[in-house]
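Comments concern the structure below.
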Amino acid sequence: MEKLIPFTLSDLYKITNHRSGEIKFGEKMFTLPKEANIATFIKNCEAKYVLFGIPEDIGVRANYGRPGAASAWESAIKSIANIQHNRFCKGNNLLILGKLDVVAEMSEVINLDFNKTEDRIKLNELVEKIDKEVVHIVSTIVKAGKIPIVIGGGHNNSYGNIKGSALGKGKPINAINFDAHSDFRILEGRHSGNGFSYAYEQGFLKKYFIFGLHENYTSKNVLDILKKKEDRVRFNTYDEINIRKQKNFHEEMIIAHEFIKNDNYGIEIDLDAIPNIASSAMTFSGFSVEELRQFISFFGQNQNTTYLHICEGAPDLGEEKNNHLIGKLIGYLVTDFMKANESDDYKINKMKVHF
């Protein structure tokens, strides 16, 4: 993993706010020892979850989006380090692997213009380059029997998560995507809008469910493609759930779960589905933070859950005084997932009764 920048014990100490009488995640989480064999350490570490960041927004730029998603990792890790270690969630179940080194790639895109064909091709090529690294890291974690928690970055990294997990498991996987957009666009060169379609066409994605599409921002062409593939690709829309009330949020989670539950699956979370969250495609209408947290708790409880990916949050695009809030939100989502995936109290049949 030459492109991995390991997160050290010293790095962790610097961002953990130590306080008398309290134990923070930062005092309990694992980091990679210097000179350790990464794959061996991941496999033997007692932590079940492996956290790593992809601080890039190249895929977003290649999709004509606003850059800024590269800033989510630093915000998230600072927040996660300062979560309380207690009986509800324990920091020693989390290994911080580090972040992907994309400094060179990010410097290359500063002066690229999406509207120029040659620049757009270069952006696509850089996304493909990052894909290879993400695939390698994710497959290594999955082969070690652990669960990756990936903080993006753009939603282009869904491709690397899916392919890496499929290679790690030795078979195609399913995916559930909490998103305002399908990211199932045509194969026109890699960007943040076609990670799932590339994974599907290349045989790494078996079944795919898109939860909460925004009808105003899904093209007729994409809807036609989804209809033709409805045996393996299904969706519901935010409008029919929360606006027209034709469908029920909790019942739709059960329906989606029934569709993907029998095989390993990844949970994809695009923060642009939540109102007022700074992102490349920020919205004022969408599901609430509480609904998102319920979603992660629901899908995270199944032991076929293979990874969690949280992407598109862009603290750099938010208010300067409150740009820590996206990191805090990501911290909630990570611990919601860990609690659900660990606890015997979270079982699908119990959740059905509760909802």
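Please note that chains go A, B, ... in the order of the structure tokens, that every chain numbers its residues from 1, and that ligands are numbered from 1 in the order shown.
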message = If DSSP is run on the backbone, what residues of region 4-130 of chain A are strand (DSSP E or B)? A reply as a ChimeraX atom specification would be ideal.
response = /A:4-6,24,30-31,49-54,84,94-100
Output file for the residues above (all heavy atoms, as a compact mmCIF listing (two decimals), in the first residue's frame):
# COMPACT_ATOMS: atom_id res chain seq x y z
N LEU A 4 -0.78 4.68 0.77
CA LEU A 4 -1.45 4.89 2.05
C LEU A 4 -0.54 5.71 2.97
O LEU A 4 0.63 5.39 3.15
CB LEU A 4 -1.77 3.55 2.70
CG LEU A 4 -2.42 3.64 4.09
CD1 LEU A 4 -3.85 4.14 3.98
CD2 LEU A 4 -2.36 2.30 4.81
N ILE A 5 -1.11 6.77 3.55
CA ILE A 5 -0.40 7.52 4.59
C ILE A 5 -0.95 7.05 5.93
O ILE A 5 -2.08 7.38 6.30
CB ILE A 5 -0.64 9.04 4.43
CG1 ILE A 5 -0.15 9.52 3.07
CG2 ILE A 5 0.08 9.80 5.55
CD1 ILE A 5 -0.44 10.99 2.79
N PRO A 6 -0.18 6.22 6.66
CA PRO A 6 -0.69 5.66 7.91
C PRO A 6 -0.99 6.75 8.94
O PRO A 6 -0.30 7.78 9.00
CB PRO A 6 0.45 4.75 8.37
CG PRO A 6 1.26 4.48 7.16
CD PRO A 6 1.16 5.71 6.32
N LYS A 24 -11.78 8.97 25.88
CA LYS A 24 -12.18 9.27 24.51
C LYS A 24 -11.79 8.12 23.57
O LYS A 24 -10.90 7.33 23.87
CB LYS A 24 -11.51 10.56 24.03
CG LYS A 24 -11.79 11.78 24.91
CD LYS A 24 -13.21 12.26 24.74
CE LYS A 24 -13.47 13.54 25.54
NZ LYS A 24 -12.69 14.69 25.06
N PHE A 30 -7.01 1.84 17.72
CA PHE A 30 -5.72 1.30 17.28
C PHE A 30 -5.18 2.10 16.09
O PHE A 30 -5.95 2.62 15.28
CB PHE A 30 -5.87 -0.17 16.87
CG PHE A 30 -6.16 -1.10 18.01
CD1 PHE A 30 -7.46 -1.43 18.34
CD2 PHE A 30 -5.12 -1.63 18.77
CE1 PHE A 30 -7.74 -2.29 19.39
CE2 PHE A 30 -5.38 -2.48 19.82
CZ PHE A 30 -6.69 -2.82 20.15
N THR A 31 -3.88 2.18 16.02
CA THR A 31 -3.20 2.73 14.84
C THR A 31 -2.16 1.71 14.38
O THR A 31 -1.82 0.77 15.12
CB THR A 31 -2.50 4.06 15.15
OG1 THR A 31 -1.56 3.85 16.21
CG2 THR A 31 -3.51 5.12 15.56
N TYR A 49 -13.52 -3.00 12.92
CA TYR A 49 -13.74 -2.00 11.87
C TYR A 49 -12.45 -1.27 11.56
O TYR A 49 -11.67 -0.93 12.46
CB TYR A 49 -14.81 -1.01 12.33
CG TYR A 49 -16.06 -1.69 12.81
CD1 TYR A 49 -16.28 -1.90 14.17
CD2 TYR A 49 -17.00 -2.19 11.90
CE1 TYR A 49 -17.40 -2.57 14.62
CE2 TYR A 49 -18.12 -2.86 12.35
CZ TYR A 49 -18.32 -3.05 13.70
OH TYR A 49 -19.43 -3.73 14.15
N VAL A 50 -12.22 -1.02 10.27
CA VAL A 50 -11.00 -0.35 9.82
C VAL A 50 -11.40 0.93 9.10
O VAL A 50 -12.07 0.91 8.07
CB VAL A 50 -10.17 -1.26 8.89
CG1 VAL A 50 -8.90 -0.54 8.46
CG2 VAL A 50 -9.84 -2.57 9.60
N LEU A 51 -10.97 2.06 9.65
CA LEU A 51 -11.35 3.37 9.16
C LEU A 51 -10.25 3.96 8.29
O LEU A 51 -9.09 3.98 8.68
CB LEU A 51 -11.61 4.29 10.36
CG LEU A 51 -12.07 5.72 10.11
CD1 LEU A 51 -13.50 5.73 9.57
CD2 LEU A 51 -12.00 6.53 11.40
N PHE A 52 -10.62 4.41 7.08
CA PHE A 52 -9.64 5.14 6.29
C PHE A 52 -10.32 6.21 5.44
O PHE A 52 -11.51 6.14 5.14
CB PHE A 52 -8.77 4.20 5.44
CG PHE A 52 -9.38 3.73 4.15
CD1 PHE A 52 -9.13 4.39 2.96
CD2 PHE A 52 -10.19 2.61 4.13
CE1 PHE A 52 -9.66 3.93 1.77
CE2 PHE A 52 -10.74 2.15 2.94
CZ PHE A 52 -10.47 2.82 1.76
N GLY A 53 -9.54 7.22 5.10
CA GLY A 53 -10.08 8.37 4.39
C GLY A 53 -9.55 8.50 2.98
O GLY A 53 -8.44 8.06 2.66
N ILE A 54 -10.38 9.11 2.12
CA ILE A 54 -9.97 9.39 0.74
C ILE A 54 -10.20 10.88 0.50
O ILE A 54 -11.27 11.31 0.05
CB ILE A 54 -10.80 8.55 -0.26
CG1 ILE A 54 -10.85 7.08 0.17
CG2 ILE A 54 -10.22 8.67 -1.66
CD1 ILE A 54 -11.76 6.23 -0.69
N GLN A 84 -16.97 9.75 23.20
CA GLN A 84 -16.77 9.09 24.49
C GLN A 84 -16.74 7.56 24.32
O GLN A 84 -17.62 6.98 23.69
CB GLN A 84 -17.89 9.46 25.45
CG GLN A 84 -17.93 10.93 25.82
CD GLN A 84 -16.80 11.35 26.76
OE1 GLN A 84 -16.12 10.51 27.35
NE2 GLN A 84 -16.59 12.65 26.89
N LEU A 94 -12.12 -0.05 16.79
CA LEU A 94 -11.85 0.71 15.57
C LEU A 94 -10.35 0.88 15.37
O LEU A 94 -9.63 1.31 16.26
CB LEU A 94 -12.51 2.08 15.69
CG LEU A 94 -12.66 2.96 14.45
CD1 LEU A 94 -13.47 2.27 13.37
CD2 LEU A 94 -13.34 4.28 14.83
N LEU A 95 -9.89 0.50 14.20
CA LEU A 95 -8.50 0.70 13.79
C LEU A 95 -8.47 1.83 12.75
O LEU A 95 -9.18 1.76 11.74
CB LEU A 95 -7.93 -0.58 13.17
CG LEU A 95 -6.64 -0.46 12.33
CD1 LEU A 95 -5.48 0.02 13.18
CD2 LEU A 95 -6.31 -1.79 11.66
N ILE A 96 -7.69 2.87 13.03
CA ILE A 96 -7.53 3.94 12.04
C ILE A 96 -6.35 3.59 11.14
O ILE A 96 -5.19 3.61 11.55
CB ILE A 96 -7.25 5.30 12.70
CG1 ILE A 96 -8.28 5.62 13.78
CG2 ILE A 96 -7.27 6.40 11.64
CD1 ILE A 96 -8.04 6.94 14.47
N LEU A 97 -6.67 3.26 9.90
CA LEU A 97 -5.63 2.86 8.96
C LEU A 97 -4.84 4.07 8.46
O LEU A 97 -3.62 4.05 8.39
CB LEU A 97 -6.26 2.11 7.79
CG LEU A 97 -5.31 1.40 6.83
CD1 LEU A 97 -4.52 0.33 7.56
CD2 LEU A 97 -6.11 0.76 5.69
N GLY A 98 -5.56 5.13 8.10
CA GLY A 98 -4.92 6.32 7.57
C GLY A 98 -5.69 6.86 6.38
O GLY A 98 -6.89 6.64 6.26
N LYS A 99 -5.01 7.57 5.51
CA LYS A 99 -5.67 8.17 4.35
C LYS A 99 -4.90 7.88 3.08
O LYS A 99 -3.68 7.65 3.11
CB LYS A 99 -5.82 9.68 4.54
CG LYS A 99 -4.49 10.43 4.62
CD LYS A 99 -4.72 11.92 4.88
CE LYS A 99 -3.39 12.67 5.00
NZ LYS A 99 -3.61 14.11 5.27
N LEU A 100 -5.61 7.89 1.99
CA LEU A 100 -4.99 7.67 0.68
C LEU A 100 -4.20 8.93 0.30
O LEU A 100 -4.67 10.05 0.45
CB LEU A 100 -6.07 7.40 -0.37
CG LEU A 100 -5.62 6.86 -1.71
CD1 LEU A 100 -4.95 5.50 -1.56
CD2 LEU A 100 -6.81 6.75 -2.66
Tell me, counting only C-alpha atoms, for each residue of region 129-198 of chain A within 9 Å of region 266-289 of chain A, which pair of atoms is nearest and how far apart they are in Å to one decimal, in rows ordered by chain and increasing number, as a Markdown table.
| residue | atom | partner | partner_atom | distance |
| --- | --- | --- | --- | --- |
| A:Gly154 | CA | A:Asp270 | CA | 8.8 |
| A:His155 | CA | A:Asp270 | CA | 7.1 |
| A:Ser158 | CA | A:Glu268 | CA | 7.3 |
| A:Asn161 | CA | A:Gly266 | CA | 7.9 |
| A:Ile162 | CA | A:Gly266 | CA | 7.2 |
| A:Ser165 | CA | A:Gly266 | CA | 8.3 |
| A:Ile173 | CA | A:Gly266 | CA | 7.5 |
| A:Asn174 | CA | A:Gly266 | CA | 6.4 |
| A:Ala175 | CA | A:Gly266 | CA | 4.7 |
| A:Ile176 | CA | A:Ile267 | CA | 5.3 |
| A:Asn177 | CA | A:Glu268 | CA | 4.6 |
| A:Phe178 | CA | A:Ile269 | CA | 5.0 |
| A:Asp179 | CA | A:Asp270 | CA | 5.2 |
| A:Ala180 | CA | A:Ala273 | CA | 5.0 |
| A:His181 | CA | A:Ala273 | CA | 8.3 |
task = Identify, on the basis of only C-alpha atoms, every residue whose closest approach to Gly327 (chain A) does not exceed 6 Å; exclude the query and any residue fewer than 2 positions from it along the same chain; express the result as an MDAnalysis selection string.
result = chainID A and resid 75:76 79 324:325 329:330
remark   = Between A:Ser139, A:Asn37, A:Ser182, A:Ser192, smallest distance to Thr237 (chain A) by only C-alpha atoms belongs to A:Ser182
task = Mind the document's chain letters and residue numbers, and return as a list in words the residues of region 13-74 of chain A that DSSP labels alpha helix (DSSP H).
result =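 Taking region 13-74 of chain A and keeping alpha helix (DSSP H) gives Tyr13, Lys14, Ile15, Ile38, Ala39, Thr40, Phe41, Ile42, Lys43, Asn44, Ile58, Gly59, Val60, Arg61, Ala62, Ala72, Trp73 and Glu74 of chain A.
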Write out, as a short mmCIF file (atom, residue, chain, number, x, y, z; two decimals), in the first residue's frame, the residues just selected, with all heavy atoms.
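The resulting again.cif:
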data_model
loop_
_atom_site.label_atom_id
_atom_site.label_comp_id
_atom_site.auth_asym_id
_atom_site.auth_seq_id
_atom_site.Cartn_x
_atom_site.Cartn_y
_atom_site.Cartn_z
N TYR A 13 -2.85 11.34 19.13
CA TYR A 13 -2.67 12.10 20.38
C TYR A 13 -2.93 13.59 20.15
O TYR A 13 -3.55 14.26 20.98
CB TYR A 13 -1.25 11.89 20.92
CG TYR A 13 -1.00 12.58 22.23
CD1 TYR A 13 -1.39 12.00 23.44
CD2 TYR A 13 -0.38 13.84 22.28
CE1 TYR A 13 -1.17 12.64 24.65
CE2 TYR A 13 -0.16 14.49 23.48
CZ TYR A 13 -0.56 13.88 24.67
OH TYR A 13 -0.35 14.53 25.86
N LYS A 14 -2.48 14.10 19.02
CA LYS A 14 -2.60 15.53 18.73
C LYS A 14 -4.05 15.98 18.58
O LYS A 14 -4.38 17.14 18.86
CB LYS A 14 -1.82 15.88 17.46
CG LYS A 14 -0.32 15.80 17.63
CD LYS A 14 0.38 16.04 16.30
CE LYS A 14 1.88 15.88 16.42
NZ LYS A 14 2.56 16.04 15.09
N ILE A 15 -4.93 15.11 18.10
CA ILE A 15 -6.31 15.52 17.85
C ILE A 15 -7.28 15.10 18.94
O ILE A 15 -8.47 15.43 18.88
CB ILE A 15 -6.82 14.98 16.49
CG1 ILE A 15 -6.84 13.44 16.49
CG2 ILE A 15 -5.99 15.53 15.35
CD1 ILE A 15 -7.50 12.87 15.26
N ILE A 38 1.04 -4.42 7.01
CA ILE A 38 -0.31 -3.88 7.13
C ILE A 38 -1.38 -4.96 7.11
O ILE A 38 -2.25 -5.00 7.98
CB ILE A 38 -0.56 -2.84 6.02
CG1 ILE A 38 0.37 -1.64 6.20
CG2 ILE A 38 -2.02 -2.37 6.05
CD1 ILE A 38 0.27 -0.60 5.11
N ALA A 39 -1.32 -5.86 6.13
CA ALA A 39 -2.34 -6.90 6.01
C ALA A 39 -2.36 -7.80 7.24
O ALA A 39 -3.43 -8.15 7.76
CB ALA A 39 -2.11 -7.72 4.75
N THR A 40 -1.18 -8.16 7.73
CA THR A 40 -1.09 -9.03 8.90
C THR A 40 -1.62 -8.33 10.15
O THR A 40 -2.35 -8.93 10.95
CB THR A 40 0.37 -9.47 9.14
OG1 THR A 40 0.84 -10.16 7.98
CG2 THR A 40 0.47 -10.39 10.35
N PHE A 41 -1.27 -7.06 10.31
CA PHE A 41 -1.72 -6.33 11.50
C PHE A 41 -3.24 -6.18 11.49
O PHE A 41 -3.90 -6.34 12.53
CB PHE A 41 -1.05 -4.96 11.58
CG PHE A 41 -1.41 -4.22 12.85
CD1 PHE A 41 -0.75 -4.51 14.03
CD2 PHE A 41 -2.41 -3.26 12.86
CE1 PHE A 41 -1.08 -3.85 15.21
CE2 PHE A 41 -2.76 -2.60 14.03
CZ PHE A 41 -2.09 -2.89 15.20
N ILE A 42 -3.81 -5.85 10.32
CA ILE A 42 -5.27 -5.71 10.23
C ILE A 42 -5.95 -7.01 10.64
O ILE A 42 -6.90 -7.03 11.42
CB ILE A 42 -5.69 -5.31 8.80
CG1 ILE A 42 -5.22 -3.90 8.47
CG2 ILE A 42 -7.21 -5.42 8.63
CD1 ILE A 42 -5.44 -3.50 7.03
N LYS A 43 -5.43 -8.11 10.14
CA LYS A 43 -6.04 -9.43 10.42
C LYS A 43 -5.96 -9.78 11.90
O LYS A 43 -6.92 -10.31 12.47
CB LYS A 43 -5.33 -10.50 9.59
CG LYS A 43 -5.94 -11.88 9.75
CD LYS A 43 -5.27 -12.88 8.80
CE LYS A 43 -5.91 -14.26 8.93
NZ LYS A 43 -5.30 -15.23 7.99
N ASN A 44 -4.85 -9.48 12.54
CA ASN A 44 -4.64 -9.88 13.93
C ASN A 44 -5.14 -8.87 14.95
O ASN A 44 -5.26 -9.20 16.13
CB ASN A 44 -3.15 -10.16 14.17
CG ASN A 44 -2.65 -11.36 13.37
OD1 ASN A 44 -3.42 -12.27 13.06
ND2 ASN A 44 -1.38 -11.35 13.03
N ILE A 58 -11.75 14.82 -6.95
CA ILE A 58 -11.48 14.76 -8.39
C ILE A 58 -12.67 14.18 -9.14
O ILE A 58 -13.06 14.66 -10.20
CB ILE A 58 -10.20 13.93 -8.67
CG1 ILE A 58 -9.01 14.59 -7.98
CG2 ILE A 58 -9.95 13.80 -10.17
CD1 ILE A 58 -7.74 13.76 -7.99
N GLY A 59 -13.29 13.12 -8.56
CA GLY A 59 -14.48 12.53 -9.19
C GLY A 59 -15.64 13.50 -9.26
O GLY A 59 -16.42 13.49 -10.22
N VAL A 60 -15.74 14.35 -8.25
CA VAL A 60 -16.78 15.38 -8.24
C VAL A 60 -16.51 16.40 -9.35
O VAL A 60 -17.42 16.79 -10.09
CB VAL A 60 -16.82 16.08 -6.87
CG1 VAL A 60 -17.74 17.30 -6.91
CG2 VAL A 60 -17.28 15.10 -5.79
N ARG A 61 -15.27 16.84 -9.46
CA ARG A 61 -14.90 17.79 -10.52
C ARG A 61 -15.17 17.19 -11.90
O ARG A 61 -15.63 17.89 -12.81
CB ARG A 61 -13.42 18.15 -10.40
CG ARG A 61 -13.04 18.91 -9.13
CD ARG A 61 -11.53 18.98 -8.99
NE ARG A 61 -11.10 19.49 -7.69
CZ ARG A 61 -10.59 20.72 -7.48
NH1 ARG A 61 -10.48 21.57 -8.48
NH2 ARG A 61 -10.22 21.09 -6.28
N ALA A 62 -14.87 15.89 -12.04
CA ALA A 62 -15.08 15.21 -13.33
C ALA A 62 -16.56 15.07 -13.66
O ALA A 62 -16.92 14.80 -14.81
CB ALA A 62 -14.43 13.83 -13.30
N ALA A 72 -13.50 16.40 4.08
CA ALA A 72 -14.32 15.68 5.06
C ALA A 72 -13.49 14.80 5.99
O ALA A 72 -13.83 14.65 7.17
CB ALA A 72 -15.38 14.85 4.35
N TRP A 73 -12.44 14.17 5.48
CA TRP A 73 -11.67 13.24 6.29
C TRP A 73 -11.09 13.90 7.54
O TRP A 73 -11.24 13.38 8.65
CB TRP A 73 -10.56 12.60 5.47
CG TRP A 73 -9.52 11.89 6.29
CD1 TRP A 73 -8.22 12.27 6.48
CD2 TRP A 73 -9.69 10.68 7.05
NE1 TRP A 73 -7.57 11.38 7.30
CE2 TRP A 73 -8.46 10.40 7.68
CE3 TRP A 73 -10.77 9.82 7.27
CZ2 TRP A 73 -8.26 9.30 8.50
CZ3 TRP A 73 -10.57 8.71 8.10
CH2 TRP A 73 -9.34 8.45 8.70
N GLU A 74 -10.43 15.03 7.37
CA GLU A 74 -9.80 15.69 8.52
C GLU A 74 -10.83 16.10 9.56
O GLU A 74 -10.61 15.96 10.76
CB GLU A 74 -9.00 16.92 8.05
CG GLU A 74 -7.83 16.61 7.15
CD GLU A 74 -6.75 15.78 7.85
OE1 GLU A 74 -6.65 15.83 9.09
OE2 GLU A 74 -6.02 15.05 7.14
#
task = Write out as a list of chain:residue names each polymer residue whose atoms come within 7 Å of Arg293 (chain A), counting only C-alpha atoms; drop sequence neighbours fewer than 3 positions from it.
result = A:Val289, A:Glu290, A:Ile296, A:Ser297, A:Leu333, A:Asp336
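Taking only C-alpha atoms into account, Gly145 (chain A) lies nearest to A:Glu46 out of the set A:Leu292, A:Met29, A:Lys207, A:Glu46.
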task = Using CA of Ile326 (chain A) and CA of Val150 (chain A) as the two end points, give the distance in Å to one decimal.
result = 14.9 Å
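In this structure, CA of Ala36 (chain A) sits 16.8 Å away from CA of Asp11 (chain A).
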task = Compare A:Met106, A:Glu291, A:Lys129, A:Leu205 by their minimum atom-to-atom distance to Asn248 (chain A), counting only C-alpha atoms, and give me the closest one.
result = A:Glu291
Of the listed residues A:Gly189, A:Gly91, A:Gly65, A:Pro148, that which approaches Arg120 (chain A) most closely, counting only C-alpha atoms =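 Ranked by minimum distance to Arg120 (chain A), first place goes to A:Gly189.
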request  = Could you tell me which of A:Lys28, A:Arg19, A:Lys163, A:Lys261 comes closest to Cys89 (chain A) if we count only C-alpha atoms?
outcome  =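 Ranked by minimum distance to Cys89 (chain A), first place goes to A:Lys28.
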remark   = Judged by only C-alpha atoms, the minimum distance to Ala104 (chain A) among A:Lys48, A:Lys3, A:Lys34, A:Lys116 is found for A:Lys3
ask   = Mind pulling up the distance from CA of Gln294 (chain A) to CA of Val135 (chain A)?
value =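 So the answer is 28.4 Å.
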